[in-house]
Amino acid sequence: MERTDCIVIGAGVVGLATARALARAGRDVVILESESAPGQHTSSRNTGCIHAGMGYVPGSLKSRLALRGKALLYRFCADYGVGHRNCGKLVVATEAAQIPALHALMRKAEANGLNDLRLLDAAEVREMEPALRFAGAVLSPSSGIVDQHELMQALLGDAEAHGASLALNAPVLGGRAADDRIEIDVGGAEGITIAAKTVVNAAGLGAQAVARGIAGIRPDSVPGQVLTRGCYFVLRGRSPFSHLIYPLPEVGHGTVHVSLDVGGQLRFGPDSEPVDAIDYHVDPGRAPFFYESARRFWPDLRDGDLVPGYAGIRPKLSHGRASDNDFVIQGSEAHGVAGLINLYGIESPGLTSSLAIGEHVAALAVTG
Ligand SMILES: Cc1cc2nc3c(=O)[nH]c(=O)nc-3n(C[C@H](O)[C@H](O)[C@H](O)COP(=O)(O)OP(=O)(O)OC[C@H]3O[C@@H](n4cnc5c(N)ncnc54)[C@H](O)[C@@H]3O)c2cc1C
């Protein structure tokens, strides 16, 4: 049997950030990834938005880790040359009846410790976004975008520079608690068992399956899972917007956001559709929903200008809005296996929070 100090299961952005934090703390780390490359699932199938941290339950992990993660992420991107842009976000009321909701959002942001939101006057909005149809808008100046692929490459590079190693095509099949170690069975071409003092389960959509496969875990500690697909449609040609545009939800109408990638390409989405399995197919038949939702705030969108883009699946624990549900990060007191840390429900803002989650988990691995 092989032995190491720490195993991180999953090479998405959260596993990589955690491996980096552990390696930087002087721990020996092996990252086990079932796919043939890192970041093939949720971490490369999202909006790429650096969220400001405005709408969460005050005091929740999401609230604290998004705010801390945003600051760490901007610094990391600058230090490691990761493509990003602090382009700002407009949260938009498309009808006058929604203006009170903008004020409520500003109050919620303050309760989350975010004090830089600003209600814009109409002239300011027109100057910033001439193509936008709006009744009111709030600017979030600290929101931005990041190139997820470059981020993951940089995290992996820094983790490796501090001694971590990545094993690809290395699916975790199961494991068990054994004395002061956890034994992890790894499949692939040459199946092996590795024992480690600390194991971090950052398997994303696979986190529940990994946890259920580790003998010794209290079964009732493993939360349920609800898969919700989010699809994007991409705009042909130049973007009319330079900020992220997030319309407030409206009763009786669909809502899609505008995001930009670092190259300036605009995409609308994600929508929301419950699915039974991990299936990243984008149904071109969903186009009418995207046209109708986008024209609520951009009436000039022409027929034929949207093309199906990509899809991601939210690793949710229950139905409901991402802002109302929290991340679940469990140590042994929750599940019964010393040295094991399980991460569940790392949906949005997991990308924004990744460096802060890594920091948080590395600290737990010392104390827990
Ligand atoms: C549609 C959508 C939009 C989003 N938009 C944003 C956004 O704009 N901003 C933001 O902050 N967040 C956003 N998020 C959330 C963010 O993308 C996730 O929180 C984050 O990517 C989660 O990363 P992860 O490393 O936990 O999971 P993943 O990226 O899924 O990584 C888990 C890894 O574990 C591996 N794995 C699974 N099972 C096993 C096994 N048995 N053995 C070994 N390896 C295994 C997988 O192959 C995978 O590589 C969005 C999510 C979605 C779905």
# chains A, B, ... in the order shown; residues from 1 in each chain; ligands from 1

$ select_by_dssp --residues "segment 103-274 of chain A" --states "strand (DSSP E)" --output "compact mmCIF listing (two decimals) with all heavy atoms, in the first residue's frame"
# COMPACT_ATOMS: atom_id res chain seq x y z
N ARG A 118 -24.15 50.80 -5.54
CA ARG A 118 -24.60 52.18 -5.73
C ARG A 118 -25.79 52.19 -6.67
O ARG A 118 -25.74 51.61 -7.76
CB ARG A 118 -23.45 52.99 -6.33
CG ARG A 118 -23.68 54.49 -6.27
CD ARG A 118 -22.36 55.22 -6.44
NE ARG A 118 -21.81 55.11 -7.79
CZ ARG A 118 -22.23 55.80 -8.85
NH1 ARG A 118 -23.23 56.66 -8.71
NH2 ARG A 118 -21.67 55.66 -10.03
N LEU A 119 -26.88 52.85 -6.22
CA LEU A 119 -28.06 53.03 -7.08
C LEU A 119 -27.71 54.11 -8.10
O LEU A 119 -27.30 55.21 -7.72
CB LEU A 119 -29.25 53.46 -6.21
CG LEU A 119 -30.61 53.46 -6.89
CD1 LEU A 119 -31.03 52.05 -7.32
CD2 LEU A 119 -31.66 54.04 -5.95
N GLY A 136 -34.52 50.84 -13.51
CA GLY A 136 -33.58 51.22 -12.46
C GLY A 136 -32.42 50.25 -12.46
O GLY A 136 -32.54 49.14 -13.01
N ALA A 137 -31.29 50.65 -11.88
CA ALA A 137 -30.15 49.74 -11.84
C ALA A 137 -29.22 50.08 -10.69
O ALA A 137 -29.08 51.24 -10.31
CB ALA A 137 -29.37 49.79 -13.16
N VAL A 138 -28.60 49.03 -10.17
CA VAL A 138 -27.61 49.16 -9.11
C VAL A 138 -26.28 48.68 -9.67
O VAL A 138 -26.23 47.65 -10.36
CB VAL A 138 -28.03 48.31 -7.88
CG1 VAL A 138 -26.84 48.01 -6.99
CG2 VAL A 138 -29.12 48.99 -7.10
N LEU A 139 -25.22 49.44 -9.41
CA LEU A 139 -23.89 49.02 -9.86
C LEU A 139 -23.17 48.29 -8.73
O LEU A 139 -23.12 48.78 -7.60
CB LEU A 139 -23.06 50.26 -10.26
CG LEU A 139 -21.58 49.99 -10.56
CD1 LEU A 139 -21.42 49.16 -11.84
CD2 LEU A 139 -20.80 51.30 -10.68
N SER A 140 -22.63 47.12 -9.08
CA SER A 140 -21.73 46.41 -8.16
C SER A 140 -20.32 46.54 -8.75
O SER A 140 -19.96 45.80 -9.66
CB SER A 140 -22.12 44.93 -8.06
OG SER A 140 -21.05 44.20 -7.49
N GLY A 144 -16.75 40.87 -11.35
CA GLY A 144 -15.85 40.75 -12.50
C GLY A 144 -15.95 39.40 -13.16
O GLY A 144 -16.89 38.63 -12.91
N ILE A 145 -14.99 39.13 -14.01
CA ILE A 145 -14.95 37.83 -14.71
C ILE A 145 -13.53 37.27 -14.64
O ILE A 145 -12.56 38.02 -14.50
CB ILE A 145 -15.37 37.96 -16.19
CG1 ILE A 145 -14.61 39.10 -16.88
CG2 ILE A 145 -16.87 38.17 -16.31
CD1 ILE A 145 -14.86 39.19 -18.38
N VAL A 146 -13.46 35.94 -14.72
CA VAL A 146 -12.15 35.28 -14.67
C VAL A 146 -12.13 34.16 -15.71
O VAL A 146 -13.16 33.56 -16.00
CB VAL A 146 -11.88 34.73 -13.24
CG1 VAL A 146 -12.91 33.69 -12.81
CG2 VAL A 146 -10.47 34.14 -13.11
N SER A 165 1.24 16.51 -6.22
CA SER A 165 1.24 15.81 -7.51
C SER A 165 -0.19 15.43 -7.89
O SER A 165 -1.04 15.22 -7.02
CB SER A 165 2.13 14.56 -7.46
OG SER A 165 1.68 13.72 -6.44
N LEU A 166 -0.44 15.43 -9.20
CA LEU A 166 -1.77 15.15 -9.72
C LEU A 166 -1.76 13.80 -10.43
O LEU A 166 -0.92 13.57 -11.31
CB LEU A 166 -2.16 16.25 -10.72
CG LEU A 166 -3.41 16.01 -11.58
CD1 LEU A 166 -4.67 15.94 -10.73
CD2 LEU A 166 -3.54 17.11 -12.64
N ALA A 167 -2.69 12.92 -10.05
CA ALA A 167 -2.86 11.64 -10.76
C ALA A 167 -4.16 11.73 -11.56
O ALA A 167 -5.23 11.93 -10.97
CB ALA A 167 -2.92 10.49 -9.77
N VAL A 172 -11.61 7.50 -7.65
CA VAL A 172 -11.71 6.92 -6.31
C VAL A 172 -12.92 6.00 -6.29
O VAL A 172 -14.04 6.41 -6.62
CB VAL A 172 -11.83 8.04 -5.25
CG1 VAL A 172 -12.23 7.48 -3.90
CG2 VAL A 172 -10.51 8.80 -5.16
N LEU A 173 -12.68 4.74 -5.93
CA LEU A 173 -13.75 3.73 -5.96
C LEU A 173 -14.37 3.52 -4.60
O LEU A 173 -15.51 3.09 -4.48
CB LEU A 173 -13.18 2.40 -6.47
CG LEU A 173 -12.48 2.45 -7.85
CD1 LEU A 173 -11.94 1.08 -8.22
CD2 LEU A 173 -13.45 2.95 -8.92
N GLY A 174 -13.58 3.79 -3.55
CA GLY A 174 -14.09 3.58 -2.20
C GLY A 174 -12.96 3.73 -1.22
O GLY A 174 -11.87 4.21 -1.57
N GLY A 175 -13.21 3.35 0.02
CA GLY A 175 -12.17 3.47 1.04
C GLY A 175 -12.69 3.08 2.39
O GLY A 175 -13.82 2.61 2.52
N ARG A 176 -11.84 3.28 3.40
CA ARG A 176 -12.24 2.90 4.76
C ARG A 176 -11.38 3.64 5.78
O ARG A 176 -10.24 4.02 5.48
CB ARG A 176 -12.10 1.39 4.98
CG ARG A 176 -10.69 0.84 4.92
CD ARG A 176 -10.63 -0.59 4.44
NE ARG A 176 -11.07 -0.72 3.05
CZ ARG A 176 -10.28 -0.47 1.99
NH1 ARG A 176 -9.02 -0.05 2.15
NH2 ARG A 176 -10.73 -0.59 0.76
N ALA A 177 -11.95 3.84 6.96
CA ALA A 177 -11.18 4.39 8.07
C ALA A 177 -10.35 3.26 8.66
O ALA A 177 -10.87 2.16 8.88
CB ALA A 177 -12.14 4.96 9.11
N ALA A 178 -9.03 3.49 8.88
CA ALA A 178 -8.17 2.43 9.41
C ALA A 178 -7.17 3.06 10.38
O ALA A 178 -6.32 3.83 9.95
CB ALA A 178 -7.43 1.73 8.28
N ARG A 181 -5.37 6.41 9.91
CA ARG A 181 -5.28 6.72 8.47
C ARG A 181 -6.64 6.46 7.80
O ARG A 181 -7.48 5.79 8.36
CB ARG A 181 -4.26 5.81 7.78
CG ARG A 181 -2.90 5.81 8.40
CD ARG A 181 -1.92 6.51 7.50
NE ARG A 181 -0.97 7.26 8.32
CZ ARG A 181 -0.15 8.19 7.86
NH1 ARG A 181 -0.16 8.50 6.59
NH2 ARG A 181 0.69 8.81 8.64
N ILE A 182 -6.73 6.95 6.58
CA ILE A 182 -7.87 6.58 5.74
C ILE A 182 -7.29 5.91 4.51
O ILE A 182 -6.35 6.45 3.90
CB ILE A 182 -8.70 7.82 5.34
CG1 ILE A 182 -9.18 8.57 6.60
CG2 ILE A 182 -9.87 7.43 4.47
CD1 ILE A 182 -9.66 9.97 6.32
N GLU A 183 -7.79 4.74 4.17
CA GLU A 183 -7.31 4.05 2.97
C GLU A 183 -8.27 4.34 1.82
O GLU A 183 -9.49 4.22 1.97
CB GLU A 183 -7.24 2.54 3.22
CG GLU A 183 -6.22 2.18 4.29
CD GLU A 183 -6.25 0.71 4.69
OE1 GLU A 183 -7.07 -0.07 4.11
OE2 GLU A 183 -5.48 0.34 5.59
N ILE A 184 -7.69 4.73 0.70
CA ILE A 184 -8.50 5.10 -0.46
C ILE A 184 -8.16 4.16 -1.62
O ILE A 184 -6.98 4.01 -2.00
CB ILE A 184 -8.23 6.58 -0.86
CG1 ILE A 184 -8.72 7.53 0.24
CG2 ILE A 184 -8.85 6.93 -2.20
CD1 ILE A 184 -10.23 7.59 0.44
N ASP A 185 -9.18 3.51 -2.16
CA ASP A 185 -8.99 2.59 -3.30
C ASP A 185 -9.17 3.37 -4.60
O ASP A 185 -10.21 4.01 -4.81
CB ASP A 185 -10.03 1.46 -3.25
CG ASP A 185 -9.93 0.65 -1.96
OD1 ASP A 185 -8.79 0.48 -1.46
OD2 ASP A 185 -10.98 0.22 -1.46
N VAL A 186 -8.15 3.27 -5.45
CA VAL A 186 -8.16 4.04 -6.69
C VAL A 186 -8.21 3.08 -7.88
O VAL A 186 -7.43 2.11 -7.92
CB VAL A 186 -6.88 4.91 -6.79
CG1 VAL A 186 -6.98 5.88 -7.96
CG2 VAL A 186 -6.64 5.68 -5.50
N ILE A 192 -4.72 0.97 -7.28
CA ILE A 192 -3.90 0.91 -6.07
C ILE A 192 -4.72 1.38 -4.88
O ILE A 192 -5.78 1.97 -5.04
CB ILE A 192 -2.63 1.81 -6.16
CG1 ILE A 192 -3.00 3.25 -6.53
CG2 ILE A 192 -1.59 1.23 -7.07
CD1 ILE A 192 -1.88 4.22 -6.27
N THR A 193 -4.18 1.14 -3.70
CA THR A 193 -4.76 1.70 -2.48
C THR A 193 -3.72 2.64 -1.87
O THR A 193 -2.54 2.29 -1.79
CB THR A 193 -5.13 0.58 -1.49
OG1 THR A 193 -6.16 -0.22 -2.11
CG2 THR A 193 -5.68 1.13 -0.19
N ILE A 194 -4.16 3.83 -1.51
CA ILE A 194 -3.26 4.82 -0.89
C ILE A 194 -3.82 5.15 0.48
O ILE A 194 -5.03 5.41 0.62
CB ILE A 194 -3.16 6.13 -1.70
CG1 ILE A 194 -2.96 5.85 -3.19
CG2 ILE A 194 -2.04 7.00 -1.17
CD1 ILE A 194 -2.89 7.12 -4.04
N ALA A 195 -2.96 5.20 1.48
CA ALA A 195 -3.38 5.60 2.83
C ALA A 195 -2.90 7.02 3.10
O ALA A 195 -1.78 7.38 2.72
CB ALA A 195 -2.79 4.65 3.86
N ALA A 196 -3.77 7.82 3.72
CA ALA A 196 -3.40 9.20 4.03
C ALA A 196 -3.98 9.60 5.38
O ALA A 196 -4.99 9.05 5.83
CB ALA A 196 -3.94 10.14 2.95
N LYS A 197 -3.31 10.57 6.01
CA LYS A 197 -3.80 11.08 7.30
C LYS A 197 -5.01 11.99 7.08
O LYS A 197 -5.96 11.99 7.85
CB LYS A 197 -2.65 11.88 7.94
CG LYS A 197 -2.91 12.40 9.30
CD LYS A 197 -1.58 12.76 9.96
CE LYS A 197 -1.80 13.56 11.24
NZ LYS A 197 -1.98 14.98 11.00
N THR A 198 -4.93 12.79 6.00
CA THR A 198 -6.02 13.72 5.68
C THR A 198 -6.56 13.40 4.30
O THR A 198 -5.77 13.23 3.36
CB THR A 198 -5.48 15.17 5.68
OG1 THR A 198 -4.99 15.49 6.98
CG2 THR A 198 -6.54 16.17 5.27
N VAL A 199 -7.87 13.33 4.16
CA VAL A 199 -8.50 13.15 2.84
C VAL A 199 -9.57 14.24 2.68
O VAL A 199 -10.42 14.40 3.55
CB VAL A 199 -9.14 11.75 2.69
CG1 VAL A 199 -9.93 11.65 1.38
CG2 VAL A 199 -8.09 10.66 2.76
N VAL A 200 -9.49 14.96 1.57
CA VAL A 200 -10.49 15.99 1.27
C VAL A 200 -11.30 15.51 0.08
O VAL A 200 -10.74 15.24 -1.00
CB VAL A 200 -9.83 17.35 0.94
CG1 VAL A 200 -10.90 18.38 0.61
CG2 VAL A 200 -8.95 17.82 2.10
N ASN A 201 -12.60 15.37 0.30
CA ASN A 201 -13.49 14.94 -0.78
C ASN A 201 -14.05 16.19 -1.46
O ASN A 201 -15.00 16.81 -0.98
CB ASN A 201 -14.61 14.08 -0.17
CG ASN A 201 -15.74 13.77 -1.15
OD1 ASN A 201 -15.64 14.06 -2.34
ND2 ASN A 201 -16.81 13.18 -0.63
N ILE A 214 -17.02 5.29 1.38
CA ILE A 214 -15.99 5.22 2.43
C ILE A 214 -16.60 4.60 3.68
O ILE A 214 -17.45 5.21 4.36
CB ILE A 214 -15.39 6.62 2.72
CG1 ILE A 214 -14.70 7.15 1.45
CG2 ILE A 214 -14.41 6.55 3.89
CD1 ILE A 214 -14.11 8.53 1.57
N ALA A 215 -16.18 3.37 4.00
CA ALA A 215 -16.73 2.66 5.16
C ALA A 215 -16.33 3.39 6.43
O ALA A 215 -15.17 3.79 6.58
CB ALA A 215 -16.22 1.23 5.17
N VAL A 226 -29.48 17.18 -5.80
CA VAL A 226 -30.44 17.58 -6.84
C VAL A 226 -29.62 18.15 -7.98
O VAL A 226 -28.84 19.07 -7.78
CB VAL A 226 -31.39 18.67 -6.28
CG1 VAL A 226 -32.28 19.21 -7.37
CG2 VAL A 226 -32.23 18.14 -5.12
N LEU A 227 -29.76 17.59 -9.16
CA LEU A 227 -28.98 18.07 -10.31
C LEU A 227 -29.81 19.06 -11.11
O LEU A 227 -30.93 18.75 -11.52
CB LEU A 227 -28.56 16.90 -11.21
CG LEU A 227 -27.77 15.77 -10.53
CD1 LEU A 227 -27.43 14.68 -11.54
CD2 LEU A 227 -26.50 16.30 -9.89
N THR A 228 -29.27 20.23 -11.34
CA THR A 228 -29.99 21.24 -12.12
C THR A 228 -29.06 21.74 -13.23
O THR A 228 -27.99 22.29 -12.94
CB THR A 228 -30.39 22.43 -11.22
OG1 THR A 228 -31.02 21.91 -10.06
CG2 THR A 228 -31.35 23.35 -11.94
N ARG A 229 -29.48 21.52 -14.46
CA ARG A 229 -28.63 21.94 -15.60
C ARG A 229 -28.86 23.42 -15.91
O ARG A 229 -29.99 23.92 -15.83
CB ARG A 229 -28.97 21.10 -16.83
CG ARG A 229 -28.10 21.49 -18.05
CD ARG A 229 -28.16 20.43 -19.13
NE ARG A 229 -29.53 20.10 -19.50
CZ ARG A 229 -29.89 18.97 -20.11
NH1 ARG A 229 -28.97 18.08 -20.40
NH2 ARG A 229 -31.14 18.74 -20.42
N GLY A 230 -27.78 24.08 -16.23
CA GLY A 230 -27.85 25.47 -16.67
C GLY A 230 -27.21 25.57 -18.04
O GLY A 230 -26.05 25.21 -18.21
N CYS A 231 -27.99 26.06 -19.04
CA CYS A 231 -27.47 26.17 -20.42
C CYS A 231 -27.18 27.63 -20.75
O CYS A 231 -27.82 28.54 -20.22
CB CYS A 231 -28.50 25.66 -21.42
SG CYS A 231 -28.82 23.91 -21.26
N TYR A 232 -26.26 27.80 -21.68
CA TYR A 232 -25.92 29.14 -22.17
C TYR A 232 -26.15 29.21 -23.67
O TYR A 232 -25.89 28.23 -24.39
CB TYR A 232 -24.44 29.45 -21.90
CG TYR A 232 -24.09 29.49 -20.43
CD1 TYR A 232 -23.80 28.32 -19.74
CD2 TYR A 232 -24.08 30.69 -19.74
CE1 TYR A 232 -23.49 28.34 -18.38
CE2 TYR A 232 -23.76 30.73 -18.38
CZ TYR A 232 -23.47 29.55 -17.72
OH TYR A 232 -23.16 29.58 -16.38
N PHE A 233 -26.62 30.37 -24.12
CA PHE A 233 -26.65 30.67 -25.55
C PHE A 233 -25.70 31.84 -25.78
O PHE A 233 -25.64 32.77 -24.98
CB PHE A 233 -28.08 31.01 -26.02
CG PHE A 233 -28.89 29.79 -26.34
CD1 PHE A 233 -29.23 28.87 -25.37
CD2 PHE A 233 -29.30 29.54 -27.65
CE1 PHE A 233 -29.96 27.73 -25.66
CE2 PHE A 233 -30.04 28.40 -27.96
CZ PHE A 233 -30.37 27.49 -26.97
N VAL A 234 -24.96 31.75 -26.87
CA VAL A 234 -23.90 32.71 -27.15
C VAL A 234 -24.38 33.68 -28.23
O VAL A 234 -25.09 33.29 -29.16
CB VAL A 234 -22.63 31.94 -27.63
CG1 VAL A 234 -21.54 32.90 -28.07
CG2 VAL A 234 -22.14 31.01 -26.52
N LEU A 235 -24.00 34.95 -28.10
CA LEU A 235 -24.38 35.96 -29.09
C LEU A 235 -23.38 35.97 -30.24
O LEU A 235 -22.16 36.04 -30.01
CB LEU A 235 -24.39 37.35 -28.42
CG LEU A 235 -24.76 38.52 -29.33
CD1 LEU A 235 -26.26 38.49 -29.65
CD2 LEU A 235 -24.38 39.85 -28.67
N LEU A 244 -21.39 43.06 -16.68
CA LEU A 244 -22.31 41.94 -16.46
C LEU A 244 -23.68 42.55 -16.22
O LEU A 244 -23.80 43.58 -15.54
CB LEU A 244 -21.88 41.13 -15.23
CG LEU A 244 -20.44 40.59 -15.28
CD1 LEU A 244 -20.01 40.10 -13.90
CD2 LEU A 244 -20.35 39.46 -16.28
N ILE A 245 -24.71 41.93 -16.78
CA ILE A 245 -26.08 42.45 -16.61
C ILE A 245 -26.91 41.36 -15.94
O ILE A 245 -27.07 40.27 -16.50
CB ILE A 245 -26.72 42.80 -17.97
CG1 ILE A 245 -25.84 43.75 -18.79
CG2 ILE A 245 -28.13 43.36 -17.78
CD1 ILE A 245 -25.75 45.16 -18.28
N TYR A 246 -27.39 41.64 -14.74
CA TYR A 246 -28.20 40.67 -14.00
C TYR A 246 -29.58 41.26 -13.73
O TYR A 246 -29.75 42.03 -12.78
CB TYR A 246 -27.52 40.30 -12.66
CG TYR A 246 -26.49 39.19 -12.79
CD1 TYR A 246 -25.49 39.24 -13.76
CD2 TYR A 246 -26.52 38.09 -11.94
CE1 TYR A 246 -24.55 38.23 -13.88
CE2 TYR A 246 -25.58 37.07 -12.06
CZ TYR A 246 -24.59 37.14 -13.03
OH TYR A 246 -23.67 36.14 -13.15
N PRO A 247 -30.57 40.95 -14.58
CA PRO A 247 -31.92 41.44 -14.30
C PRO A 247 -32.47 40.76 -13.05
O PRO A 247 -32.18 39.59 -12.79
CB PRO A 247 -32.71 41.04 -15.54
CG PRO A 247 -31.92 39.99 -16.21
CD PRO A 247 -30.50 40.13 -15.79
N HIS A 257 -29.03 35.97 -17.39
CA HIS A 257 -28.02 36.99 -17.15
C HIS A 257 -27.16 37.17 -18.39
O HIS A 257 -27.10 36.29 -19.24
CB HIS A 257 -27.11 36.55 -15.99
CG HIS A 257 -27.87 36.28 -14.73
ND1 HIS A 257 -27.44 35.37 -13.79
CD2 HIS A 257 -29.03 36.78 -14.27
CE1 HIS A 257 -28.30 35.35 -12.79
NE2 HIS A 257 -29.28 36.18 -13.06
N VAL A 258 -26.49 38.30 -18.42
CA VAL A 258 -25.47 38.53 -19.45
C VAL A 258 -24.11 38.39 -18.79
O VAL A 258 -23.84 39.04 -17.79
CB VAL A 258 -25.56 39.97 -20.01
CG1 VAL A 258 -24.32 40.31 -20.83
CG2 VAL A 258 -26.81 40.15 -20.84
N SER A 259 -23.28 37.54 -19.36
CA SER A 259 -21.89 37.53 -18.91
C SER A 259 -20.99 37.62 -20.13
O SER A 259 -21.42 37.37 -21.26
CB SER A 259 -21.57 36.29 -18.09
OG SER A 259 -21.75 35.15 -18.88
N LEU A 260 -19.77 38.00 -19.88
CA LEU A 260 -18.79 38.17 -20.95
C LEU A 260 -17.62 37.28 -20.60
O LEU A 260 -17.33 37.08 -19.42
CB LEU A 260 -18.31 39.62 -20.98
CG LEU A 260 -19.42 40.67 -21.05
CD1 LEU A 260 -18.90 42.02 -20.60
CD2 LEU A 260 -19.96 40.74 -22.47
N LEU A 266 -20.13 37.57 -25.60
CA LEU A 266 -21.29 37.63 -24.70
C LEU A 266 -22.04 36.31 -24.72
O LEU A 266 -22.28 35.72 -25.78
CB LEU A 266 -22.23 38.75 -25.16
CG LEU A 266 -23.44 39.07 -24.28
CD1 LEU A 266 -23.90 40.50 -24.56
CD2 LEU A 266 -24.60 38.12 -24.50
N ARG A 267 -22.46 35.87 -23.54
CA ARG A 267 -23.35 34.70 -23.47
C ARG A 267 -24.50 35.05 -22.53
O ARG A 267 -24.33 35.82 -21.58
CB ARG A 267 -22.59 33.47 -23.01
CG ARG A 267 -21.93 33.64 -21.72
CD ARG A 267 -20.72 32.74 -21.55
NE ARG A 267 -19.95 33.27 -20.43
CZ ARG A 267 -18.71 33.02 -20.17
NH1 ARG A 267 -18.02 32.25 -20.96
NH2 ARG A 267 -18.11 33.54 -19.13
N PHE A 268 -25.65 34.49 -22.84
CA PHE A 268 -26.83 34.62 -22.00
C PHE A 268 -27.01 33.31 -21.24
O PHE A 268 -26.86 32.24 -21.81
CB PHE A 268 -28.08 34.86 -22.85
CG PHE A 268 -28.13 36.20 -23.50
CD1 PHE A 268 -27.77 36.34 -24.83
CD2 PHE A 268 -28.53 37.33 -22.80
CE1 PHE A 268 -27.82 37.59 -25.45
CE2 PHE A 268 -28.58 38.58 -23.41
CZ PHE A 268 -28.23 38.70 -24.74
N GLY A 269 -27.36 33.41 -19.98
CA GLY A 269 -27.63 32.21 -19.21
C GLY A 269 -27.10 32.37 -17.80
O GLY A 269 -26.66 33.46 -17.43
N GLU A 273 -32.86 23.83 -15.29
CA GLU A 273 -33.68 22.69 -15.70
C GLU A 273 -33.27 21.46 -14.88
O GLU A 273 -32.09 21.07 -14.93
CB GLU A 273 -33.42 22.45 -17.20
CG GLU A 273 -34.11 21.30 -17.81
CD GLU A 273 -33.49 20.95 -19.19
OE1 GLU A 273 -32.43 21.50 -19.55
OE2 GLU A 273 -34.07 20.12 -19.87
N PRO A 274 -34.19 20.86 -14.12
CA PRO A 274 -33.82 19.66 -13.36
C PRO A 274 -33.46 18.52 -14.31
O PRO A 274 -34.12 18.35 -15.34
CB PRO A 274 -35.09 19.31 -12.58
CG PRO A 274 -36.06 20.41 -12.82
CD PRO A 274 -35.61 21.21 -13.98

$ residues_near_ligand --ligand "ligand 1" --cutoff "6 Å" --atoms "only C-alpha atoms and all ligand atoms" --output "number ranges by chain"
A: 9-15, 32-35, 38-43, 46-51, 170-173, 202-206, 210, 230, 270, 312-314, 346-352

$ write_last_selection --atoms "C-alpha atoms" --output "tab-separated table (two decimals), in the first residue's frame"
chain	number	residue	atom	x	y	z
A	9	ILE	CA	-10.21	13.88	-4.44
A	10	GLY	CA	-11.18	15.96	-7.47
A	11	ALA	CA	-9.18	18.40	-9.61
A	12	GLY	CA	-11.85	21.05	-10.11
A	13	VAL	CA	-11.16	24.60	-9.03
A	14	VAL	CA	-12.02	23.81	-5.40
A	15	GLY	CA	-9.87	20.66	-5.19
A	32	LEU	CA	-6.77	12.11	-7.51
A	33	GLU	CA	-8.87	12.96	-10.58
A	34	SER	CA	-11.05	10.46	-12.44
A	35	GLU	CA	-10.94	12.30	-15.78
A	38	PRO	CA	-8.38	18.64	-14.61
A	39	GLY	CA	-11.51	20.80	-14.54
A	40	GLN	CA	-13.68	18.92	-17.03
A	41	HIS	CA	-16.91	19.35	-15.08
A	42	THR	CA	-18.53	22.26	-13.21
A	43	SER	CA	-15.36	24.33	-12.92
A	46	ASN	CA	-20.04	28.06	-15.38
A	47	THR	CA	-20.54	31.78	-15.91
A	48	GLY	CA	-16.98	32.71	-14.93
A	49	CYS	CA	-18.32	35.55	-12.81
A	50	ILE	CA	-16.39	36.84	-9.81
A	51	HIS	CA	-19.35	37.48	-7.56
A	170	ALA	CA	-7.52	7.92	-11.11
A	171	PRO	CA	-11.14	7.44	-10.02
A	172	VAL	CA	-11.71	6.92	-6.31
A	173	LEU	CA	-13.75	3.73	-5.96
A	202	ALA	CA	-13.83	17.74	-3.36
A	203	ALA	CA	-15.46	15.53	-6.00
A	204	GLY	CA	-18.20	18.02	-6.88
A	205	LEU	CA	-21.09	16.19	-8.53
A	206	GLY	CA	-19.42	12.94	-7.35
A	210	VAL	CA	-17.38	9.13	-2.96
A	230	GLY	CA	-27.85	25.47	-16.67
A	270	PRO	CA	-27.70	30.01	-17.35
A	312	GLY	CA	-23.08	23.02	-16.64
A	313	ILE	CA	-24.77	21.18	-13.80
A	314	ARG	CA	-25.23	22.74	-10.38
A	346	ILE	CA	-20.38	23.66	-3.83
A	347	GLU	CA	-22.57	25.46	-6.35
A	348	SER	CA	-22.31	29.19	-7.06
A	349	PRO	CA	-20.33	31.11	-5.76
A	350	GLY	CA	-17.86	28.21	-5.60
A	351	LEU	CA	-15.59	29.60	-8.31
A	352	THR	CA	-15.40	33.00	-6.61

$ residues_around --residues "segment 78-80 of chain A" --least-positions-apart "5" --cutoff "12 Å" --atoms "only C-alpha atoms" --output "ChimeraX atom specification"
/A:71-73,85-86,146,150-158

$ residues_around --residues "segment 316-330 of chain A" --least-positions-apart "6" --cutoff "8 Å" --atoms "only C-alpha atoms" --output "MDAnalysis selection string"
chainID A and resid 55:57 60:62 223:228 341:348
